[in-house]
Amino acid sequence: MTDGLQPLLSDRVVALSAPTQAWSGSDGDLGAATIDGFYHGDTRFVRTLRLEYAGADTAFAAPEWIRHTSPAASEVRFDAVLRGVDDRFPDPKVRLERVRRVTDGRVTETLTVRSHLAEPVSLRVRSTWEPDFTALQQVKAGAAERSSWGAESVSDGLRVSSGAAALDVRTDGAEVVVGADIALTWAREVEPFGSATVEWSVTMDDPSLVVRGVAAPAPWSAPEVAPTADPRLSRWLDRALGDLDALRLALPDHPDDVFFAAGAPWFFTLFGRDSLWAARLLLPLDVTTAASTLRVLARLQGSKNDPETAEQPGKIMHELRSGELAMPGEGIVLPPLYYGTVDATALWVCLLVEAAEAGMPEAEVRTLLPHLEAALEWITTSVGAHGFLDYVDETGHGLSNQGWKDSGDSIQWRNGSLAEGPIALSEVQGYAYEAAQGAASLLDRFDRPGSSELREWAAQLKGRFAERFWVTTAEGRYPAIALDRHGAPVDTLTTNAGHLLGTGILDPEDEAAVSALLCGPTVSSGFGLRTLSTQAAGYWPLSYHGGSVWTHDTAIVARGMARAGLTDDARSVVAGLLAAAEAFDYRVPELHAGDDAREVQAPAPYPAACRPQAWSAAAAVTAWEIAGR
């Protein structure tokens, strides 16, 4: 383990059912890596876990693990051979199956020993584990310390607690020994050619939790994939839709309104931008999650001016947590309900417009129209000094960048220097234009006033964008990633320009030119689109937002290409996504390295990337839209 550094995730195994998750090694044991544990909400409840076995007269030893498989997002099976109780022949005849299942608030392990021996096998199985009540953000910072806890026997097991948080253990008849850790031991006789099974579980309770799991089945069905489509697409869709099902959450006061948690392990909560984009990409298969996501965010829509939380009337929130979120070493401290996002409000409007077009019931749309009007008021009155939507952190401890590329170094000049804020992102202007035009049509449909003023505002925004955002460099002519505090266009070529495709803010000939640039070798890796061109001084394939590939980002660009009628470009980009999906066994992570497919057979993982991630999973639906129907 490496203290003080964010845990790496790329070689770990996860089973999840939001807001609960279990991270382990490929053998199912916990403790070899910083991330390992059983989590519920923002707390880790179990820190280490070790499984051992022994014969009647032998010492305990570790099984020899041979494989792990994941039949569903919430289940992992680990297989081992037990040669210490086997016969003298080379074929393994005694096997152990360890099946871990995760449901809302509970992790269950079922251990089955199967024998192909002609005589009975006497053995003991021992599961030793350490309770833990560490905050998730401490785990992320690599600064988790041992926590104190107490245990007491109850009628059907054991109760372990620390303050208000507690876990209940059910042991299926095991001998329980409590010391510095907790050991569960079973003694079993396996009949000739027979099997024996034991089971244990932990049920976790955290009263501070601000989200809850969803019991209802997913409201979508897997789509039909054209027989001529790439066969990898079906595999990706199957895995992605299962992950999306496992990432569904609700708020306790409205359990029927479901939204997507952003991703595992750090983001098992409501994020404005992430939840909106995931629902939007899924919209061809499911309108109901889009509608419920809109309602959840509408209830939290800003109603006052509060610089500390970045709340403003009409603004859509960024992130919801059970308590203050501190990021050690980064100087970032966010309040439990934080509004520091410049794009979520326009994205909320865009999703409402598209959901209404896709069949969201008229009565449900009508109830959201006051929220729509409040959001439009925020969009049209929040333009900065240069006439564009921009952002700046007013607290000194919030997010310095408030678009989807929200790391501190994401807005760079071509020479690698950082742009000074306030920052006006190019794609945000595209979202705002699309939102205004779509909302004008929606207002007309429901006989609400204001549509003509919105269309005029959008036309003026488009004109200003055409005058101010375009740059010409050695790579060509394209929209800058942003305007800086002086109104100067920040001249790097990035995927942000691709988010403008299909929004209407670009003319068709400009869309074609931007699309061609993004399909070129400096941005297209062959495994998706790099966030930053290789010709920029700050490019690095393992930079979080400066050269890596984000699947959702690439999918948004491909979606825009298709909407702009640039079908060949869109299909070319999807081909890269499918190559990446295959490389990651169809569970595409949050991001991966921007390595070139002409140089490597598979992209390197970004080792700290979350997986599964909702908008990465939803990108599979976009791939199906473009290349699978």
# chains A, B, ... in the order shown; residues from 1 in each chain; ligands from 1
call {"tool": "select_by_dssp", "arguments": {"residues": "segment 400-599 of chain A", "states": "helix (DSSP H, G or I)", "output": "ChimeraX atom specification"}}
result
/A:426-445,451-468,495-500,508-518,551-563,567-583
call {"tool": "select_by_dssp", "arguments": {"residues": "segment 29-277 of chain A", "states": "strand (DSSP E or B)", "output": "ChimeraX atom specification"}}
result
/A:30,37-40,43-55,61,64-72,75-81,94-103,106-115,121-135,150-154,157-162,165-170,175-178,182-190,195-205,212,248-251,254-260,263,267,271
call {"tool": "closest_residue", "arguments": {"among": "A:Ser426, A:Arg95, A:Leu209, A:Val125", "to": "Ala164 of chain A", "atoms": "only C-alpha atoms"}}
result
A:Leu209
call {"tool": "closest_residue", "arguments": {"among": "A:Ala151, A:Arg248, A:Asp132, A:Arg239", "to": "Ala18 of chain A", "atoms": "only C-alpha atoms"}}
result
A:Arg248
call {"tool": "residues_around", "arguments": {"residues": "Ala246 of chain A", "least_positions_apart": "5", "cutoff": "10 Å", "atoms": "only C-alpha atoms", "output": "list in words"}}
result
Ala15, Leu16, Ser17, Ala18, Pro19, Thr20, Gln21, Ala72, Ala73, Ser74, Val102, Thr103, Asp104, Gly213, Val214, Ala218, Ala240, Leu241, Phe260, Ala261, Pro612 and Ala614 of chain A
call {"tool": "write_last_selection", "arguments": {"atoms": "C-alpha atoms", "output": "mmCIF file, in the first residue's frame"}}
result
data_model
loop_
_atom_site.group_PDB
_atom_site.id
_atom_site.type_symbol
_atom_site.label_atom_id
_atom_site.label_comp_id
_atom_site.auth_asym_id
_atom_site.auth_seq_id
_atom_site.Cartn_x
_atom_site.Cartn_y
_atom_site.Cartn_z
ATOM 1 C CA ALA A 15 -19.226 -6.043 -7.159
ATOM 2 C CA LEU A 16 -21.813 -3.350 -6.589
ATOM 3 C CA SER A 17 -25.413 -2.424 -6.045
ATOM 4 C CA ALA A 18 -25.551 1.276 -5.284
ATOM 5 C CA PRO A 19 -24.996 2.572 -2.679
ATOM 6 C CA THR A 20 -23.069 -0.579 -1.653
ATOM 7 C CA GLN A 21 -19.859 -1.925 -3.165
ATOM 8 C CA ALA A 72 -23.604 -9.658 -13.065
ATOM 9 C CA ALA A 73 -22.555 -6.253 -11.781
ATOM 10 C CA SER A 74 -23.576 -7.256 -8.258
ATOM 11 C CA VAL A 102 -23.925 -7.318 -3.156
ATOM 12 C CA THR A 103 -27.360 -5.841 -2.509
ATOM 13 C CA ASP A 104 -28.394 -2.528 -0.988
ATOM 14 C CA GLY A 213 -30.853 1.939 -3.226
ATOM 15 C CA VAL A 214 -33.530 1.046 -5.749
ATOM 16 C CA ALA A 218 -34.677 -1.502 -14.463
ATOM 17 C CA ALA A 240 -23.122 -1.678 -19.731
ATOM 18 C CA LEU A 241 -26.862 -2.042 -19.108
ATOM 19 C CA PHE A 260 -27.736 7.303 -11.822
ATOM 20 C CA ALA A 261 -24.899 7.514 -9.351
ATOM 21 C CA PRO A 612 -18.105 1.234 -13.661
ATOM 22 C CA ALA A 614 -22.541 5.695 -15.466
#
call {"tool": "closest_residue", "arguments": {"among": "A:Gly4, A:Gly594, A:Gly41, A:Pro207", "to": "Arg321 of chain A", "atoms": "only C-alpha atoms"}}
result
A:Gly41
call {"tool": "residues_around", "arguments": {"residues": "Asp36 of chain A", "least_positions_apart": "6", "cutoff": "10 Å", "atoms": "only C-alpha atoms", "output": "PyMOL selection string"}}
result
chain A and resi 7+9+12-14+22-25+28-30+44+46-49+139
call {"tool": "write_last_selection", "arguments": {"atoms": "N, CA, C and O atoms", "output": "PDB file, in the first residue's frame"}}
result
ATOM      1  N   PRO A   7      -5.754   5.742  -4.142  1.00  0.00           N
ATOM      2  CA  PRO A   7      -5.612   4.326  -4.484  1.00  0.00           C
ATOM      3  C   PRO A   7      -5.765   4.075  -5.975  1.00  0.00           C
ATOM      4  O   PRO A   7      -6.537   4.738  -6.665  1.00  0.00           O
ATOM      5  N   LEU A   9      -6.939   1.471  -8.958  1.00  0.00           N
ATOM      6  CA  LEU A   9      -8.118   0.606  -9.039  1.00  0.00           C
ATOM      7  C   LEU A   9      -8.052  -0.406 -10.175  1.00  0.00           C
ATOM      8  O   LEU A   9      -8.861  -1.341 -10.209  1.00  0.00           O
ATOM      9  N   ARG A  12      -8.201  -4.209  -9.493  1.00  0.00           N
ATOM     10  CA  ARG A  12      -9.095  -4.664  -8.429  1.00  0.00           C
ATOM     11  C   ARG A  12     -10.412  -5.153  -9.022  1.00  0.00           C
ATOM     12  O   ARG A  12     -10.811  -4.783 -10.122  1.00  0.00           O
ATOM     13  N   VAL A  13     -11.104  -5.977  -8.240  1.00  0.00           N
ATOM     14  CA  VAL A  13     -12.374  -6.582  -8.652  1.00  0.00           C
ATOM     15  C   VAL A  13     -13.484  -5.945  -7.828  1.00  0.00           C
ATOM     16  O   VAL A  13     -13.364  -5.826  -6.598  1.00  0.00           O
ATOM     17  N   VAL A  14     -14.575  -5.556  -8.485  1.00  0.00           N
ATOM     18  CA  VAL A  14     -15.665  -4.891  -7.786  1.00  0.00           C
ATOM     19  C   VAL A  14     -16.984  -5.593  -8.068  1.00  0.00           C
ATOM     20  O   VAL A  14     -17.243  -6.058  -9.183  1.00  0.00           O
ATOM     21  N   ALA A  22     -18.216  -3.689  -3.066  1.00  0.00           N
ATOM     22  CA  ALA A  22     -17.173  -4.515  -2.471  1.00  0.00           C
ATOM     23  C   ALA A  22     -15.994  -4.562  -3.433  1.00  0.00           C
ATOM     24  O   ALA A  22     -16.149  -4.983  -4.586  1.00  0.00           O
ATOM     25  N   TRP A  23     -14.811  -4.135  -2.965  1.00  0.00           N
ATOM     26  CA  TRP A  23     -13.589  -4.113  -3.760  1.00  0.00           C
ATOM     27  C   TRP A  23     -12.594  -5.103  -3.176  1.00  0.00           C
ATOM     28  O   TRP A  23     -12.386  -5.154  -1.963  1.00  0.00           O
ATOM     29  N   SER A  24     -11.970  -5.890  -4.039  1.00  0.00           N
ATOM     30  CA  SER A  24     -11.054  -6.931  -3.575  1.00  0.00           C
ATOM     31  C   SER A  24     -10.001  -7.200  -4.627  1.00  0.00           C
ATOM     32  O   SER A  24     -10.006  -6.623  -5.718  1.00  0.00           O
ATOM     33  N   GLY A  25      -9.106  -8.162  -4.310  1.00  0.00           N
ATOM     34  CA  GLY A  25      -8.200  -8.690  -5.299  1.00  0.00           C
ATOM     35  C   GLY A  25      -8.876  -9.753  -6.140  1.00  0.00           C
ATOM     36  O   GLY A  25     -10.056 -10.092  -5.930  1.00  0.00           O
ATOM     37  N   GLY A  28     -10.552 -12.543  -4.231  1.00  0.00           N
ATOM     38  CA  GLY A  28     -11.672 -12.230  -3.348  1.00  0.00           C
ATOM     39  C   GLY A  28     -11.261 -11.718  -1.996  1.00  0.00           C
ATOM     40  O   GLY A  28     -12.090 -11.185  -1.249  1.00  0.00           O
ATOM     41  N   ASP A  29      -9.986 -11.879  -1.621  1.00  0.00           N
ATOM     42  CA  ASP A  29      -9.522 -11.365  -0.331  1.00  0.00           C
ATOM     43  C   ASP A  29      -9.404  -9.846  -0.371  1.00  0.00           C
ATOM     44  O   ASP A  29      -9.228  -9.242  -1.436  1.00  0.00           O
ATOM     45  N   LEU A  30      -9.468  -9.236   0.802  1.00  0.00           N
ATOM     46  CA  LEU A  30      -9.383  -7.787   0.956  1.00  0.00           C
ATOM     47  C   LEU A  30      -8.162  -7.438   1.797  1.00  0.00           C
ATOM     48  O   LEU A  30      -7.819  -8.175   2.730  1.00  0.00           O
ATOM     49  N   ARG A  44     -16.480   2.927   4.692  1.00  0.00           N
ATOM     50  CA  ARG A  44     -15.991   1.556   4.554  1.00  0.00           C
ATOM     51  C   ARG A  44     -16.251   0.820   5.869  1.00  0.00           C
ATOM     52  O   ARG A  44     -15.811   1.248   6.927  1.00  0.00           O
ATOM     53  N   VAL A  46     -15.838  -2.829   6.185  1.00  0.00           N
ATOM     54  CA  VAL A  46     -14.918  -3.961   6.339  1.00  0.00           C
ATOM     55  C   VAL A  46     -13.645  -3.618   5.582  1.00  0.00           C
ATOM     56  O   VAL A  46     -13.700  -3.272   4.401  1.00  0.00           O
ATOM     57  N   ARG A  47     -12.511  -3.730   6.257  1.00  0.00           N
ATOM     58  CA  ARG A  47     -11.236  -3.286   5.689  1.00  0.00           C
ATOM     59  C   ARG A  47     -10.427  -4.444   5.113  1.00  0.00           C
ATOM     60  O   ARG A  47      -9.833  -4.316   4.039  1.00  0.00           O
ATOM     61  N   THR A  48     -10.343  -5.562   5.827  1.00  0.00           N
ATOM     62  CA  THR A  48      -9.557  -6.713   5.381  1.00  0.00           C
ATOM     63  C   THR A  48     -10.399  -7.974   5.466  1.00  0.00           C
ATOM     64  O   THR A  48     -11.347  -8.057   6.257  1.00  0.00           O
ATOM     65  N   LEU A  49     -10.052  -8.947   4.657  1.00  0.00           N
ATOM     66  CA  LEU A  49     -10.755 -10.234   4.654  1.00  0.00           C
ATOM     67  C   LEU A  49      -9.806 -11.280   4.081  1.00  0.00           C
ATOM     68  O   LEU A  49      -9.205 -11.078   3.032  1.00  0.00           O
ATOM     69  N   VAL A 139     -10.138   7.240   2.518  1.00  0.00           N
ATOM     70  CA  VAL A 139      -9.592   6.156   1.698  1.00  0.00           C
ATOM     71  C   VAL A 139      -9.048   6.725   0.387  1.00  0.00           C
ATOM     72  O   VAL A 139      -7.945   6.387  -0.050  1.00  0.00           O
TER      73      VAL A 139
END
call {"tool": "residues_around", "arguments": {"residues": "segment 469-479 of chain A", "least_positions_apart": "5", "cutoff": "10 Å", "atoms": "only C-alpha atoms", "output": "PDB file with N, CA, C and O atoms, in the first residue's frame"}}
result
ATOM      1  N   ARG A 414      -2.036  26.393 -25.813  1.00  0.00           N
ATOM      2  CA  ARG A 414      -1.287  25.465 -26.659  1.00  0.00           C
ATOM      3  C   ARG A 414       0.161  25.306 -26.176  1.00  0.00           C
ATOM      4  O   ARG A 414       0.773  24.252 -26.347  1.00  0.00           O
ATOM      5  N   ALA A 424     -14.852  31.029 -19.889  1.00  0.00           N
ATOM      6  CA  ALA A 424     -16.072  30.762 -20.664  1.00  0.00           C
ATOM      7  C   ALA A 424     -15.781  29.590 -21.595  1.00  0.00           C
ATOM      8  O   ALA A 424     -15.066  29.735 -22.594  1.00  0.00           O
ATOM      9  N   LEU A 425     -16.295  28.403 -21.262  1.00  0.00           N
ATOM     10  CA  LEU A 425     -16.030  27.197 -22.042  1.00  0.00           C
ATOM     11  C   LEU A 425     -16.822  27.194 -23.342  1.00  0.00           C
ATOM     12  O   LEU A 425     -17.994  27.582 -23.374  1.00  0.00           O
ATOM     13  N   SER A 426     -16.201  26.671 -24.392  1.00  0.00           N
ATOM     14  CA  SER A 426     -16.868  26.671 -25.689  1.00  0.00           C
ATOM     15  C   SER A 426     -18.111  25.792 -25.680  1.00  0.00           C
ATOM     16  O   SER A 426     -19.182  26.200 -26.159  1.00  0.00           O
ATOM     17  N   GLU A 427     -18.008  24.556 -25.126  1.00  0.00           N
ATOM     18  CA  GLU A 427     -19.149  23.642 -25.206  1.00  0.00           C
ATOM     19  C   GLU A 427     -20.343  24.147 -24.415  1.00  0.00           C
ATOM     20  O   GLU A 427     -21.496  23.845 -24.750  1.00  0.00           O
ATOM     21  N   ARG A 464     -22.129  35.987 -31.533  1.00  0.00           N
ATOM     22  CA  ARG A 464     -20.960  36.306 -30.712  1.00  0.00           C
ATOM     23  C   ARG A 464     -19.950  35.158 -30.734  1.00  0.00           C
ATOM     24  O   ARG A 464     -18.736  35.376 -30.788  1.00  0.00           O
ATOM     25  N   GLY A 487     -10.924  37.645 -22.313  1.00  0.00           N
ATOM     26  CA  GLY A 487     -11.713  37.439 -23.522  1.00  0.00           C
ATOM     27  C   GLY A 487     -10.920  36.856 -24.665  1.00  0.00           C
ATOM     28  O   GLY A 487     -11.418  36.782 -25.796  1.00  0.00           O
ATOM     29  N   ALA A 488      -9.697  36.389 -24.401  1.00  0.00           N
ATOM     30  CA  ALA A 488      -8.859  35.809 -25.451  1.00  0.00           C
ATOM     31  C   ALA A 488      -9.180  34.332 -25.615  1.00  0.00           C
ATOM     32  O   ALA A 488      -9.336  33.613 -24.621  1.00  0.00           O
ATOM     33  N   PRO A 489      -9.242  33.846 -26.862  1.00  0.00           N
ATOM     34  CA  PRO A 489      -9.542  32.427 -27.082  1.00  0.00           C
ATOM     35  C   PRO A 489      -8.331  31.548 -26.761  1.00  0.00           C
ATOM     36  O   PRO A 489      -7.245  31.751 -27.292  1.00  0.00           O
ATOM     37  N   VAL A 490      -8.553  30.585 -25.877  1.00  0.00           N
ATOM     38  CA  VAL A 490      -7.497  29.657 -25.455  1.00  0.00           C
ATOM     39  C   VAL A 490      -7.337  28.628 -26.569  1.00  0.00           C
ATOM     40  O   VAL A 490      -8.251  27.853 -26.854  1.00  0.00           O
ATOM     41  N   ASP A 491      -6.151  28.556 -27.162  1.00  0.00           N
ATOM     42  CA  ASP A 491      -6.011  28.041 -28.521  1.00  0.00           C
ATOM     43  C   ASP A 491      -5.714  26.555 -28.654  1.00  0.00           C
ATOM     44  O   ASP A 491      -5.246  26.121 -29.715  1.00  0.00           O
ATOM     45  N   THR A 492      -5.971  25.738 -27.653  1.00  0.00           N
ATOM     46  CA  THR A 492      -5.722  24.308 -27.807  1.00  0.00           C
ATOM     47  C   THR A 492      -6.880  23.619 -28.532  1.00  0.00           C
ATOM     48  O   THR A 492      -8.046  24.000 -28.386  1.00  0.00           O
ATOM     49  N   LEU A 493      -6.520  22.575 -29.295  1.00  0.00           N
ATOM     50  CA  LEU A 493      -7.525  21.723 -29.925  1.00  0.00           C
ATOM     51  C   LEU A 493      -7.893  20.624 -28.944  1.00  0.00           C
ATOM     52  O   LEU A 493      -7.029  19.845 -28.511  1.00  0.00           O
ATOM     53  N   THR A 494      -9.156  20.557 -28.572  1.00  0.00           N
ATOM     54  CA  THR A 494      -9.631  19.592 -27.579  1.00  0.00           C
ATOM     55  C   THR A 494     -10.954  19.000 -28.037  1.00  0.00           C
ATOM     56  O   THR A 494     -11.579  19.479 -28.987  1.00  0.00           O
ATOM     57  N   ASN A 496     -13.603  19.362 -26.497  1.00  0.00           N
ATOM     58  CA  ASN A 496     -14.681  20.315 -26.196  1.00  0.00           C
ATOM     59  C   ASN A 496     -15.329  20.810 -27.477  1.00  0.00           C
ATOM     60  O   ASN A 496     -16.549  21.007 -27.529  1.00  0.00           O
ATOM     61  N   ALA A 497     -14.522  21.011 -28.509  1.00  0.00           N
ATOM     62  CA  ALA A 497     -15.073  21.471 -29.791  1.00  0.00           C
ATOM     63  C   ALA A 497     -16.058  20.466 -30.350  1.00  0.00           C
ATOM     64  O   ALA A 497     -17.042  20.834 -31.009  1.00  0.00           O
ATOM     65  N   GLY A 498     -15.843  19.175 -30.083  1.00  0.00           N
ATOM     66  CA  GLY A 498     -16.757  18.155 -30.573  1.00  0.00           C
ATOM     67  C   GLY A 498     -18.116  18.194 -29.918  1.00  0.00           C
ATOM     68  O   GLY A 498     -19.111  17.725 -30.500  1.00  0.00           O
ATOM     69  N   LEU A 500     -19.827  20.714 -29.554  1.00  0.00           N
ATOM     70  CA  LEU A 500     -20.624  21.718 -30.266  1.00  0.00           C
ATOM     71  C   LEU A 500     -21.383  21.101 -31.438  1.00  0.00           C
ATOM     72  O   LEU A 500     -22.380  21.668 -31.898  1.00  0.00           O
ATOM     73  N   LEU A 506     -22.920  25.844 -34.567  1.00  0.00           N
ATOM     74  CA  LEU A 506     -21.995  25.884 -35.691  1.00  0.00           C
ATOM     75  C   LEU A 506     -22.760  25.711 -37.000  1.00  0.00           C
ATOM     76  O   LEU A 506     -23.753  24.987 -37.054  1.00  0.00           O
ATOM     77  N   ASP A 510     -18.726  24.332 -40.925  1.00  0.00           N
ATOM     78  CA  ASP A 510     -17.827  24.345 -39.770  1.00  0.00           C
ATOM     79  C   ASP A 510     -17.922  23.036 -38.995  1.00  0.00           C
ATOM     80  O   ASP A 510     -16.915  22.542 -38.461  1.00  0.00           O
ATOM     81  N   GLU A 511     -19.105  22.464 -38.913  1.00  0.00           N
ATOM     82  CA  GLU A 511     -19.238  21.163 -38.251  1.00  0.00           C
ATOM     83  C   GLU A 511     -18.405  20.111 -38.969  1.00  0.00           C
ATOM     84  O   GLU A 511     -17.713  19.305 -38.317  1.00  0.00           O
ATOM     85  N   ALA A 513     -15.742  20.550 -40.763  1.00  0.00           N
ATOM     86  CA  ALA A 513     -14.316  20.818 -40.561  1.00  0.00           C
ATOM     87  C   ALA A 513     -13.863  20.390 -39.175  1.00  0.00           C
ATOM     88  O   ALA A 513     -12.797  19.785 -39.017  1.00  0.00           O
ATOM     89  N   VAL A 514     -14.656  20.689 -38.148  1.00  0.00           N
ATOM     90  CA  VAL A 514     -14.319  20.286 -36.784  1.00  0.00           C
ATOM     91  C   VAL A 514     -14.308  18.767 -36.681  1.00  0.00           C
ATOM     92  O   VAL A 514     -13.395  18.168 -36.089  1.00  0.00           O
ATOM     93  N   SER A 515     -15.294  18.118 -37.251  1.00  0.00           N
ATOM     94  CA  SER A 515     -15.373  16.665 -37.206  1.00  0.00           C
ATOM     95  C   SER A 515     -14.142  16.035 -37.845  1.00  0.00           C
ATOM     96  O   SER A 515     -13.560  15.072 -37.305  1.00  0.00           O
ATOM     97  N   LEU A 517     -11.134  17.305 -38.148  1.00  0.00           N
ATOM     98  CA  LEU A 517      -9.978  17.500 -37.280  1.00  0.00           C
ATOM     99  C   LEU A 517      -9.968  16.496 -36.134  1.00  0.00           C
ATOM    100  O   LEU A 517      -8.925  15.921 -35.797  1.00  0.00           O
ATOM    101  N   LEU A 518     -11.126  16.266 -35.532  1.00  0.00           N
ATOM    102  CA  LEU A 518     -11.191  15.363 -34.391  1.00  0.00           C
ATOM    103  C   LEU A 518     -10.977  13.908 -34.805  1.00  0.00           C
ATOM    104  O   LEU A 518     -10.566  13.088 -33.977  1.00  0.00           O
ATOM    105  N   GLY A 520      -8.774  13.156 -36.971  1.00  0.00           N
ATOM    106  CA  GLY A 520      -7.382  13.106 -37.390  1.00  0.00           C
ATOM    107  C   GLY A 520      -6.483  12.497 -36.332  1.00  0.00           C
ATOM    108  O   GLY A 520      -6.879  12.271 -35.180  1.00  0.00           O
ATOM    109  N   THR A 522      -4.046  13.502 -34.442  1.00  0.00           N
ATOM    110  CA  THR A 522      -3.623  14.190 -33.218  1.00  0.00           C
ATOM    111  C   THR A 522      -4.654  14.066 -32.097  1.00  0.00           C
ATOM    112  O   THR A 522      -4.324  14.217 -30.924  1.00  0.00           O
ATOM    113  N   SER A 533      -5.133  17.508 -27.917  1.00  0.00           N
ATOM    114  CA  SER A 533      -4.342  17.138 -29.086  1.00  0.00           C
ATOM    115  C   SER A 533      -2.895  16.815 -28.708  1.00  0.00           C
ATOM    116  O   SER A 533      -2.303  17.453 -27.824  1.00  0.00           O
ATOM    117  N   GLN A 535      -0.466  17.656 -30.303  1.00  0.00           N
ATOM    118  CA  GLN A 535       0.360  18.797 -30.692  1.00  0.00           C
ATOM    119  C   GLN A 535       0.425  19.878 -29.622  1.00  0.00           C
ATOM    120  O   GLN A 535       1.200  20.837 -29.761  1.00  0.00           O
TER     121      GLN A 535
END
call {"tool": "atom_distance", "arguments": {"atom1": "atom CA of Gly430 of chain A", "atom2": "atom CA of Gly416 of chain A"}}
result
24.9 Å
call {"tool": "residues_around", "arguments": {"residues": "Phe259 of chain A", "least_positions_apart": "4", "cutoff": "12 Å", "atoms": "only C-alpha atoms", "output": "mmCIF file with C-alpha atoms, in the first residue's frame"}}
result
data_model
loop_
_atom_site.group_PDB
_atom_site.id
_atom_site.type_symbol
_atom_site.label_atom_id
_atom_site.label_comp_id
_atom_site.auth_asym_id
_atom_site.auth_seq_id
_atom_site.Cartn_x
_atom_site.Cartn_y
_atom_site.Cartn_z
ATOM 1 C CA ALA A 18 -25.551 1.276 -5.284
ATOM 2 C CA VAL A 211 -29.197 8.384 -0.884
ATOM 3 C CA ARG A 212 -30.836 4.978 -0.992
ATOM 4 C CA GLY A 213 -30.853 1.939 -3.226
ATOM 5 C CA VAL A 214 -33.530 1.046 -5.749
ATOM 6 C CA ALA A 218 -34.677 -1.502 -14.463
ATOM 7 C CA LEU A 244 -26.332 1.048 -15.201
ATOM 8 C CA ASP A 245 -28.895 -1.057 -13.342
ATOM 9 C CA ALA A 246 -26.448 -1.439 -10.437
ATOM 10 C CA LEU A 247 -25.746 2.311 -10.382
ATOM 11 C CA ARG A 248 -29.358 3.392 -9.845
ATOM 12 C CA LEU A 249 -30.110 5.451 -6.738
ATOM 13 C CA ALA A 250 -32.929 7.525 -5.256
ATOM 14 C CA LEU A 251 -33.278 10.099 -2.514
ATOM 15 C CA HIS A 254 -38.790 10.321 -3.156
ATOM 16 C CA PRO A 255 -37.804 6.653 -3.529
ATOM 17 C CA GLY A 263 -19.638 5.918 -10.604
ATOM 18 C CA PHE A 268 -22.092 6.913 -5.353
ATOM 19 C CA THR A 269 -24.309 9.959 -5.180
ATOM 20 C CA LEU A 270 -26.194 12.521 -7.263
ATOM 21 C CA PHE A 271 -24.134 14.626 -9.677
ATOM 22 C CA GLY A 272 -25.972 17.124 -11.842
ATOM 23 C CA ARG A 273 -23.847 16.875 -14.970
ATOM 24 C CA ASP A 274 -23.068 13.154 -14.751
ATOM 25 C CA SER A 275 -26.591 12.018 -13.925
ATOM 26 C CA LEU A 276 -28.010 14.188 -16.718
ATOM 27 C CA TRP A 277 -25.593 12.976 -19.387
ATOM 28 C CA ALA A 278 -26.043 9.326 -18.418
ATOM 29 C CA ALA A 279 -29.827 9.664 -18.627
ATOM 30 C CA ARG A 280 -29.527 11.580 -21.896
ATOM 31 C CA LEU A 282 -29.736 6.237 -22.379
ATOM 32 C CA VAL A 287 -37.548 7.877 -20.962
ATOM 33 C CA THR A 288 -38.542 7.163 -17.358
ATOM 34 C CA THR A 289 -35.059 7.576 -15.863
ATOM 35 C CA ALA A 290 -34.634 10.837 -17.743
ATOM 36 C CA ALA A 291 -37.945 12.085 -16.336
ATOM 37 C CA SER A 292 -37.140 11.069 -12.765
ATOM 38 C CA THR A 293 -33.639 12.562 -12.984
ATOM 39 C CA LEU A 294 -35.172 15.837 -14.101
ATOM 40 C CA ARG A 295 -37.549 15.801 -11.139
ATOM 41 C CA VAL A 296 -34.834 15.007 -8.599
ATOM 42 C CA LEU A 297 -32.693 17.894 -9.812
ATOM 43 C CA ALA A 614 -22.541 5.695 -15.466
ATOM 44 C CA TRP A 615 -21.853 7.866 -18.465
#
call {"tool": "residues_around", "arguments": {"residues": "segment 554-562 of chain A", "least_positions_apart": "6", "cutoff": "9 Å", "atoms": "only C-alpha atoms", "output": "PyMOL selection string"}}
result
chain A and resi 277+281+495-503+511-512+515+518+528-531+568-574+577+616+618-620+622-623+625-626
call {"tool": "closest_residue", "arguments": {"among": "A:Gly314, A:Pro219, A:Gly302, A:Gly628", "to": "Leu337 of chain A", "atoms": "only C-alpha atoms"}}
result
A:Gly302
call {"tool": "closest_residue", "arguments": {"among": "A:Trp624, A:Trp457, A:Tyr606, A:Phe193", "to": "Ser115 of chain A", "atoms": "only C-alpha atoms"}}
result
A:Phe193
